[in-house]
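Heads up: the structure comes next, in C-alpha cells.
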Amino acid sequence: MTATYLVTGGGGFIGSNIAFHLVEQGESVRVLDNFSSGRQSNLDAVRGRLDVVEGDIRDSETVRRACRGIEMILHHAALPSVERSVSDPQSTHDVNITGTFNVLQQALGAGVKRVVFASSSAIYGNAPELPKHERMLPEPASPYALSKLTGEYYCRLFHSLYGLETFSLRYFNVFGPRQDPASDYAAVIPLFIKMIRNGDAPVIHGDGGQTRDFTFVEDIVEANLCCCRAPADAAGGVYNVAWGDRVSILELVQRIARSMDRDVEPRFTESRAGDVRDSQADATLARERLGWQPRIELPEGLDRTVRWFDGKPAAR
C-alpha cells in the first residue's frame with residue numbers, strides 16, 4: 001500500500017490522533033510503531049484504512065521500508081518519560097537520538113519532502129524566565145530533555161546541509177483522548193482521571209504549586225498539519241506549540257474533579273527527579289510562521305477528555 005504520510009509512533013497517544021485525523025480527511029497514511037508503549041487498539045477505529053509497519057525506529061532497514069513513497073513524516077516515535085530517562089538513560093538515548101537519526105537519514109534517502117519532529121518543552125529545564133520562547137538557551141535537566149534537544153539539532157543539520165525540510169515542534173503538556181492512564185509513566189491528566197474515577201486520592205508529586213501549560217491534542221494535530229502546509233522558508237525552525245497559559249497541578253486536580261462531579265482531597269508525595277517547576281509557552285512564532293492557532297481551552301478539553309475516558313462521545 002502506498003502512502004503520502006508516515007506517522008512514526010502512530011500507535012501512541014499523539015501519533016494515533018494524527019493518524020486518525022488524516023485518515024478521516026481521506027489522506028493516505030502509513031504508521032510505523034513497535035507497540036512497546038503505543039497500543040494496537042488506538043488504531044482500531046481506522047483499521048484497514050491505513051498501512052501499518054510494525055517495527056523499531058532503531059532498525060535502519062525497517063525505517064527505510066516505511067519511508068518508501070512517503071512525502072511527509074510526522075515523527076512521534078520516542079520514549080517519552082522524564083522519569084524513565086533518569087532511571088534508564090541508555091534506552092532513551094538509543095530510541096530518541098539514534099532512532100531520530102535513522103528517520104532523518106532514511107527520509108533523505110527516500111526523497112521525503114518534510115519531517116515534522118515532536119520535540120518537548122523539557123529542553124528549557126528550570127530556566128526561570130516565563131513564558132518560554134525559542135530564543136532562550138536550552139537547559140535540559142534530564143536525559144529525555146537532552147535527547148529531544150539533540151533531535152532538534154539533527155533536524156536543523158539535515159535541513160541546512162542536505163535540504164530536507166524539517167520542523168521541530170516543542171510540545172508542552174498535551175492531553176486528550178487515547179492518552180494511556182495505565183502506563184507506569186502516565187501523564188498527570190489521565191492518571192488523575194483514573195484515580196478519581198476509582199475513588200482514590202490523586203497523588204501530587206511535590207507541593208502542587210508547580211505549573212504547566214496544557215494543550216488539547218486536537219490543537220497539536222493541527223500544528224502538525226500546519227507544518228505540512230507551511231511555506232518552505234519556515235523549514236529548519238523550532239516552534240513552541242502550546243496554549244500559552246499555565247495552571248498549577250493542584251488547580252488542575254480541582255478542575256478535573258469538577259468535570260467529573262466529584263469532591264477530592266489529593267495526597268502529596270516527594271517531587272520527582274528531573275521535573276521542572278514552572279512551564280508556560282510563548283507560541284507567537286508558531287502563530288506567525290506556521291499559521292497555527294490553538295482553539296480548545298482547558299475546561300472544554302478536560303470535559304471532552306473525561307467523556308472519552310467514560311466511553312462517551314467527546315462532544316464538540
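Lettering and numbering for the C-alpha cells are positional, with chains as A, B, ... in the shown order, residues counted from 1 in each chain, and ligands counted from 1 in the shown order.
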Report as CSV the residues of range 163-223 of chain A within 12 Å of range 67-86 of chain A, each with its shortest atom pair and distance in Å (one decimal), using only C-alpha atoms, ordered by chain and increasing residue number.
residue,atom,partner,partner_atom,distance
A:Leu164,CA,A:Met72,CA,10.8
A:Glu165,CA,A:Met72,CA,9.6
A:Thr166,CA,A:Ile73,CA,9.4
A:Phe167,CA,A:Leu74,CA,9.5
A:Ser168,CA,A:His75,CA,9.7
A:Leu169,CA,A:His75,CA,10.3
A:Arg170,CA,A:His76,CA,11.8
A:Tyr171,CA,A:His76,CA,11.2
A:Asn173,CA,A:Pro80,CA,11.7
A:Val174,CA,A:Pro80,CA,11.9
A:Ser183,CA,A:Ser81,CA,10.3
A:Asp184,CA,A:Arg84,CA,9.1
A:Tyr185,CA,A:Ser81,CA,6.2
A:Ala186,CA,A:Ser81,CA,8.4
A:Ala187,CA,A:Ser81,CA,8.8
A:Val188,CA,A:Ser81,CA,11.8
A:Ile220,CA,A:Leu74,CA,11.7
A:Val221,CA,A:Leu74,CA,10.1
A:Glu222,CA,A:Leu74,CA,12.0
A:Ala223,CA,A:Leu74,CA,10.9
12 Å contact set for Leu191 in chain A, only C-alpha atoms, chain neighbours under 3 positions out, as a PyMOL selection string: chain A and resi 175-176+179-188+194-198+200-204+252-253+256+305-306+309
Atoms to include: N, CA and C atoms. Write the selected residues as a PDB file, in the first residue's frame.
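Output file result-v8.pdb follows:
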ATOM      1  N   PHE A 175      -2.736  16.756  26.237  1.00  0.00           N
ATOM      2  CA  PHE A 175      -3.686  15.834  26.859  1.00  0.00           C
ATOM      3  C   PHE A 175      -4.871  15.615  25.927  1.00  0.00           C
ATOM      4  N   GLY A 176      -5.628  14.548  26.216  1.00  0.00           N
ATOM      5  CA  GLY A 176      -6.818  14.289  25.428  1.00  0.00           C
ATOM      6  C   GLY A 176      -7.086  12.807  25.242  1.00  0.00           C
ATOM      7  N   GLN A 179      -4.877   8.953  25.536  1.00  0.00           N
ATOM      8  CA  GLN A 179      -3.716   9.029  26.427  1.00  0.00           C
ATOM      9  C   GLN A 179      -3.830   7.915  27.464  1.00  0.00           C
ATOM     10  N   ASP A 180      -2.767   7.162  27.657  1.00  0.00           N
ATOM     11  CA  ASP A 180      -2.815   5.918  28.426  1.00  0.00           C
ATOM     12  C   ASP A 180      -2.658   6.167  29.929  1.00  0.00           C
ATOM     13  N   PRO A 181      -3.703   5.876  30.732  1.00  0.00           N
ATOM     14  CA  PRO A 181      -3.568   6.043  32.185  1.00  0.00           C
ATOM     15  C   PRO A 181      -2.931   4.842  32.868  1.00  0.00           C
ATOM     16  N   ALA A 182      -2.724   3.750  32.120  1.00  0.00           N
ATOM     17  CA  ALA A 182      -2.227   2.519  32.729  1.00  0.00           C
ATOM     18  C   ALA A 182      -0.707   2.439  32.743  1.00  0.00           C
ATOM     19  N   SER A 183      -0.049   3.301  31.985  1.00  0.00           N
ATOM     20  CA  SER A 183       1.411   3.262  31.913  1.00  0.00           C
ATOM     21  C   SER A 183       2.039   3.602  33.264  1.00  0.00           C
ATOM     22  N   ASP A 184       3.206   3.016  33.508  1.00  0.00           N
ATOM     23  CA  ASP A 184       3.959   3.363  34.716  1.00  0.00           C
ATOM     24  C   ASP A 184       4.391   4.826  34.692  1.00  0.00           C
ATOM     25  N   TYR A 185       4.392   5.419  33.484  1.00  0.00           N
ATOM     26  CA  TYR A 185       4.844   6.801  33.334  1.00  0.00           C
ATOM     27  C   TYR A 185       3.720   7.665  32.774  1.00  0.00           C
ATOM     28  N   ALA A 186       2.502   7.377  33.195  1.00  0.00           N
ATOM     29  CA  ALA A 186       1.344   8.088  32.656  1.00  0.00           C
ATOM     30  C   ALA A 186       1.419   9.582  32.958  1.00  0.00           C
ATOM     31  N   ALA A 187       0.927  10.380  32.005  1.00  0.00           N
ATOM     32  CA  ALA A 187       0.835  11.821  32.218  1.00  0.00           C
ATOM     33  C   ALA A 187      -0.224  12.118  33.276  1.00  0.00           C
ATOM     34  N   VAL A 188      -0.174  13.338  33.824  1.00  0.00           N
ATOM     35  CA  VAL A 188      -0.977  13.611  35.013  1.00  0.00           C
ATOM     36  C   VAL A 188      -2.481  13.576  34.746  1.00  0.00           C
ATOM     37  N   LYS A 194      -8.170   8.587  36.209  1.00  0.00           N
ATOM     38  CA  LYS A 194      -8.258   7.190  36.647  1.00  0.00           C
ATOM     39  C   LYS A 194      -8.391   7.104  38.167  1.00  0.00           C
ATOM     40  N   MET A 195      -7.567   7.861  38.896  1.00  0.00           N
ATOM     41  CA  MET A 195      -7.602   7.809  40.359  1.00  0.00           C
ATOM     42  C   MET A 195      -8.934   8.295  40.901  1.00  0.00           C
ATOM     43  N   ILE A 196      -9.417   9.414  40.363  1.00  0.00           N
ATOM     44  CA  ILE A 196     -10.681   9.972  40.853  1.00  0.00           C
ATOM     45  C   ILE A 196     -11.836   9.026  40.538  1.00  0.00           C
ATOM     46  N   ARG A 197     -11.838   8.455  39.352  1.00  0.00           N
ATOM     47  CA  ARG A 197     -12.894   7.512  38.983  1.00  0.00           C
ATOM     48  C   ARG A 197     -12.907   6.305  39.906  1.00  0.00           C
ATOM     49  N   ASN A 198     -11.698   5.862  40.327  1.00  0.00           N
ATOM     50  CA  ASN A 198     -11.600   4.688  41.200  1.00  0.00           C
ATOM     51  C   ASN A 198     -11.810   5.019  42.673  1.00  0.00           C
ATOM     52  N   ASP A 200      -9.837   6.913  44.447  1.00  0.00           N
ATOM     53  CA  ASP A 200      -8.548   7.086  45.119  1.00  0.00           C
ATOM     54  C   ASP A 200      -8.179   8.565  45.191  1.00  0.00           C
ATOM     55  N   ALA A 201      -7.351   8.905  46.163  1.00  0.00           N
ATOM     56  CA  ALA A 201      -6.868  10.280  46.269  1.00  0.00           C
ATOM     57  C   ALA A 201      -5.815  10.522  45.193  1.00  0.00           C
ATOM     58  N   PRO A 202      -5.985  11.539  44.367  1.00  0.00           N
ATOM     59  CA  PRO A 202      -4.959  11.841  43.359  1.00  0.00           C
ATOM     60  C   PRO A 202      -3.623  12.146  44.029  1.00  0.00           C
ATOM     61  N   VAL A 203      -2.556  11.554  43.498  1.00  0.00           N
ATOM     62  CA  VAL A 203      -1.227  11.734  44.072  1.00  0.00           C
ATOM     63  C   VAL A 203      -0.515  12.864  43.332  1.00  0.00           C
ATOM     64  N   ILE A 204      -0.089  13.875  44.077  1.00  0.00           N
ATOM     65  CA  ILE A 204       0.642  15.008  43.515  1.00  0.00           C
ATOM     66  C   ILE A 204       2.090  14.932  43.979  1.00  0.00           C
ATOM     67  N   LEU A 252      -5.359  22.006  38.721  1.00  0.00           N
ATOM     68  CA  LEU A 252      -5.742  21.039  37.691  1.00  0.00           C
ATOM     69  C   LEU A 252      -6.564  19.908  38.295  1.00  0.00           C
ATOM     70  N   VAL A 253      -6.129  19.374  39.424  1.00  0.00           N
ATOM     71  CA  VAL A 253      -6.889  18.312  40.100  1.00  0.00           C
ATOM     72  C   VAL A 253      -8.301  18.783  40.407  1.00  0.00           C
ATOM     73  N   ILE A 256     -10.402  18.911  37.196  1.00  0.00           N
ATOM     74  CA  ILE A 256     -10.797  17.578  36.746  1.00  0.00           C
ATOM     75  C   ILE A 256     -11.910  17.037  37.632  1.00  0.00           C
ATOM     76  N   THR A 305     -12.127  15.167  27.402  1.00  0.00           N
ATOM     77  CA  THR A 305     -11.259  14.049  27.781  1.00  0.00           C
ATOM     78  C   THR A 305     -11.950  13.139  28.780  1.00  0.00           C
ATOM     79  N   VAL A 306     -12.602  13.719  29.773  1.00  0.00           N
ATOM     80  CA  VAL A 306     -13.338  12.921  30.757  1.00  0.00           C
ATOM     81  C   VAL A 306     -14.423  12.105  30.067  1.00  0.00           C
ATOM     82  N   PHE A 309     -12.866   9.102  28.319  1.00  0.00           N
ATOM     83  CA  PHE A 309     -12.476   8.040  29.241  1.00  0.00           C
ATOM     84  C   PHE A 309     -13.695   7.328  29.835  1.00  0.00           C
TER      85      PHE A 309
END
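Considering only C-alpha atoms, the residue among A:Asn224, A:Ser271, A:Thr211, A:Thr92 positioned nearest to Ile249 in chain A is A:Thr211.
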Gap from CA of Asn126 in chain A to CA of Glu139 in chain A - Å, one decimal: 7.1 Å
In range 75-256 of chain A, DSSP strand (DSSP E) residues written as JSON, numbers by chain: {"A": [75, 114, 115, 116, 117, 118, 119, 120, 165, 166, 167, 168, 169, 170, 171, 173, 174, 175, 203, 204, 205, 211, 212, 214, 215, 216, 237, 238, 239, 240, 241, 247, 248]}
Atoms kept (C-alpha atoms) for selection, written as an mmCIF file, in the first residue's frame:
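And here's out.cif as it stands now:
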data_model
loop_
_atom_site.group_PDB
_atom_site.id
_atom_site.type_symbol
_atom_site.label_atom_id
_atom_site.label_comp_id
_atom_site.auth_asym_id
_atom_site.auth_seq_id
_atom_site.Cartn_x
_atom_site.Cartn_y
_atom_site.Cartn_z
ATOM 1 C CA HIS A 75 7.899 11.707 13.733
ATOM 2 C CA ARG A 114 9.291 17.116 5.018
ATOM 3 C CA VAL A 115 9.849 15.754 8.502
ATOM 4 C CA VAL A 116 7.959 17.144 11.500
ATOM 5 C CA PHE A 117 9.759 16.237 14.723
ATOM 6 C CA ALA A 118 7.962 16.027 18.058
ATOM 7 C CA SER A 119 10.240 17.837 20.496
ATOM 8 C CA SER A 120 9.486 18.974 24.032
ATOM 9 C CA GLU A 165 12.608 20.383 5.114
ATOM 10 C CA THR A 166 12.319 19.848 8.867
ATOM 11 C CA PHE A 167 10.122 21.357 11.563
ATOM 12 C CA SER A 168 10.683 20.815 15.299
ATOM 13 C CA LEU A 169 7.621 21.333 17.496
ATOM 14 C CA ARG A 170 8.242 21.850 21.202
ATOM 15 C CA TYR A 171 5.148 20.387 22.850
ATOM 16 C CA ASN A 173 1.784 19.329 28.214
ATOM 17 C CA VAL A 174 -0.507 17.606 25.750
ATOM 18 C CA PHE A 175 -3.686 15.834 26.859
ATOM 19 C CA VAL A 203 -1.227 11.734 44.072
ATOM 20 C CA ILE A 204 0.642 15.008 43.515
ATOM 21 C CA HIS A 205 4.435 14.925 43.359
ATOM 22 C CA THR A 211 2.615 24.967 36.929
ATOM 23 C CA ARG A 212 2.141 23.584 33.433
ATOM 24 C CA PHE A 214 -1.742 22.261 28.906
ATOM 25 C CA THR A 215 -2.773 21.871 25.262
ATOM 26 C CA PHE A 216 -5.566 19.687 23.912
ATOM 27 C CA GLY A 237 12.805 26.106 12.501
ATOM 28 C CA VAL A 238 11.918 25.256 16.082
ATOM 29 C CA TYR A 239 8.451 26.218 17.318
ATOM 30 C CA ASN A 240 6.722 26.233 20.699
ATOM 31 C CA VAL A 241 3.299 24.637 20.428
ATOM 32 C CA VAL A 247 -2.253 26.262 35.729
ATOM 33 C CA SER A 248 -0.974 24.725 38.951
#
Which of A:Pro299, A:Gly206, A:Pro138, A:Pro131 sits closest to Ala242 in chain A [using only C-alpha atoms]: A:Pro131
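With CA of Ala145 in chain A on one side and CA of Ala122 in chain A on the other, the separation reads 5.0 Å.
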All alpha helix (DSSP H) residues (DSSP, backbone) inside range 12-213 of chain A, as an MDAnalysis selection string: chainID A and resid 13:24 60:67 82:87 89:92 99:110 143:162 188:197
Restricted to C-alpha atoms, what would the selected residues look like written as a PDB file, in the first residue's frame?
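Writing the result to result_20.pdb gives the following:
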ATOM      1  CA  PHE A  13      -1.273   8.961  22.091  1.00  0.00           C
ATOM      2  CA  ILE A  14      -0.429  11.872  19.799  1.00  0.00           C
ATOM      3  CA  GLY A  15       0.534   9.736  16.813  1.00  0.00           C
ATOM      4  CA  SER A  16      -2.754   7.844  16.760  1.00  0.00           C
ATOM      5  CA  ASN A  17      -4.729  11.085  16.972  1.00  0.00           C
ATOM      6  CA  ILE A  18      -2.789  12.405  13.975  1.00  0.00           C
ATOM      7  CA  ALA A  19      -3.263   9.178  12.017  1.00  0.00           C
ATOM      8  CA  PHE A  20      -6.993   9.111  12.790  1.00  0.00           C
ATOM      9  CA  HIS A  21      -7.453  12.703  11.648  1.00  0.00           C
ATOM     10  CA  LEU A  22      -5.523  12.180   8.413  1.00  0.00           C
ATOM     11  CA  VAL A  23      -7.473   9.046   7.533  1.00  0.00           C
ATOM     12  CA  GLU A  24     -10.764  10.788   8.273  1.00  0.00           C
ATOM     13  CA  SER A  60      17.557   1.191   9.616  1.00  0.00           C
ATOM     14  CA  GLU A  61      16.084  -1.361   7.228  1.00  0.00           C
ATOM     15  CA  THR A  62      12.660  -1.127   8.883  1.00  0.00           C
ATOM     16  CA  VAL A  63      12.708   2.666   8.661  1.00  0.00           C
ATOM     17  CA  ARG A  64      13.895   2.507   5.036  1.00  0.00           C
ATOM     18  CA  ARG A  65      10.959   0.269   4.155  1.00  0.00           C
ATOM     19  CA  ALA A  66       8.496   2.525   5.978  1.00  0.00           C
ATOM     20  CA  CYS A  67       9.771   5.636   4.144  1.00  0.00           C
ATOM     21  CA  VAL A  82      11.492  12.164  32.033  1.00  0.00           C
ATOM     22  CA  GLU A  83      11.332   9.751  34.969  1.00  0.00           C
ATOM     23  CA  ARG A  84      12.159   6.718  32.828  1.00  0.00           C
ATOM     24  CA  SER A  85      15.050   8.562  31.184  1.00  0.00           C
ATOM     25  CA  VAL A  86      16.599   9.251  34.582  1.00  0.00           C
ATOM     26  CA  SER A  87      16.448   5.576  35.547  1.00  0.00           C
ATOM     27  CA  PRO A  89      19.275   6.875  30.070  1.00  0.00           C
ATOM     28  CA  GLN A  90      20.680   4.321  27.618  1.00  0.00           C
ATOM     29  CA  SER A  91      17.275   3.329  26.229  1.00  0.00           C
ATOM     30  CA  THR A  92      16.243   6.952  25.942  1.00  0.00           C
ATOM     31  CA  GLY A  99      16.102   6.399  16.194  1.00  0.00           C
ATOM     32  CA  THR A 100      15.570  10.008  15.140  1.00  0.00           C
ATOM     33  CA  PHE A 101      18.852   9.981  13.211  1.00  0.00           C
ATOM     34  CA  ASN A 102      17.652   6.848  11.392  1.00  0.00           C
ATOM     35  CA  VAL A 103      14.364   8.510  10.484  1.00  0.00           C
ATOM     36  CA  LEU A 104      16.129  11.587   9.086  1.00  0.00           C
ATOM     37  CA  GLN A 105      18.727   9.573   7.195  1.00  0.00           C
ATOM     38  CA  GLN A 106      16.200   7.239   5.606  1.00  0.00           C
ATOM     39  CA  ALA A 107      13.845  10.135   4.844  1.00  0.00           C
ATOM     40  CA  LEU A 108      16.641  11.834   2.926  1.00  0.00           C
ATOM     41  CA  GLY A 109      17.443   8.665   1.008  1.00  0.00           C
ATOM     42  CA  ALA A 110      13.794   8.072   0.124  1.00  0.00           C
ATOM     43  CA  PRO A 143      18.328  12.572  29.535  1.00  0.00           C
ATOM     44  CA  TYR A 144      14.885  12.818  27.918  1.00  0.00           C
ATOM     45  CA  ALA A 145      15.192  16.590  27.513  1.00  0.00           C
ATOM     46  CA  LEU A 146      18.718  16.237  26.140  1.00  0.00           C
ATOM     47  CA  SER A 147      17.580  13.590  23.657  1.00  0.00           C
ATOM     48  CA  LYS A 148      14.885  15.911  22.304  1.00  0.00           C
ATOM     49  CA  LEU A 149      17.327  18.798  22.001  1.00  0.00           C
ATOM     50  CA  THR A 150      19.725  16.545  20.103  1.00  0.00           C
ATOM     51  CA  GLY A 151      16.880  15.578  17.774  1.00  0.00           C
ATOM     52  CA  GLU A 152      16.243  19.265  17.071  1.00  0.00           C
ATOM     53  CA  TYR A 153      19.894  19.824  16.216  1.00  0.00           C
ATOM     54  CA  TYR A 154      19.886  16.847  13.867  1.00  0.00           C
ATOM     55  CA  CYS A 155      16.788  18.252  12.168  1.00  0.00           C
ATOM     56  CA  ARG A 156      18.489  21.610  11.671  1.00  0.00           C
ATOM     57  CA  LEU A 157      21.606  19.934  10.289  1.00  0.00           C
ATOM     58  CA  PHE A 158      19.683  17.789   7.835  1.00  0.00           C
ATOM     59  CA  HIS A 159      17.885  20.927   6.666  1.00  0.00           C
ATOM     60  CA  SER A 160      20.955  23.154   6.352  1.00  0.00           C
ATOM     61  CA  LEU A 161      23.328  20.526   4.936  1.00  0.00           C
ATOM     62  CA  TYR A 162      21.048  18.338   2.836  1.00  0.00           C
ATOM     63  CA  VAL A 188      -0.977  13.611  35.013  1.00  0.00           C
ATOM     64  CA  ILE A 189      -4.399  14.182  33.439  1.00  0.00           C
ATOM     65  CA  PRO A 190      -5.291  10.568  32.528  1.00  0.00           C
ATOM     66  CA  LEU A 191      -3.732   9.415  35.798  1.00  0.00           C
ATOM     67  CA  PHE A 192      -5.825  11.864  37.836  1.00  0.00           C
ATOM     68  CA  ILE A 193      -8.971  10.854  35.935  1.00  0.00           C
ATOM     69  CA  LYS A 194      -8.258   7.190  36.647  1.00  0.00           C
ATOM     70  CA  MET A 195      -7.602   7.809  40.359  1.00  0.00           C
ATOM     71  CA  ILE A 196     -10.681   9.972  40.853  1.00  0.00           C
ATOM     72  CA  ARG A 197     -12.894   7.512  38.983  1.00  0.00           C
TER      73      ARG A 197
END
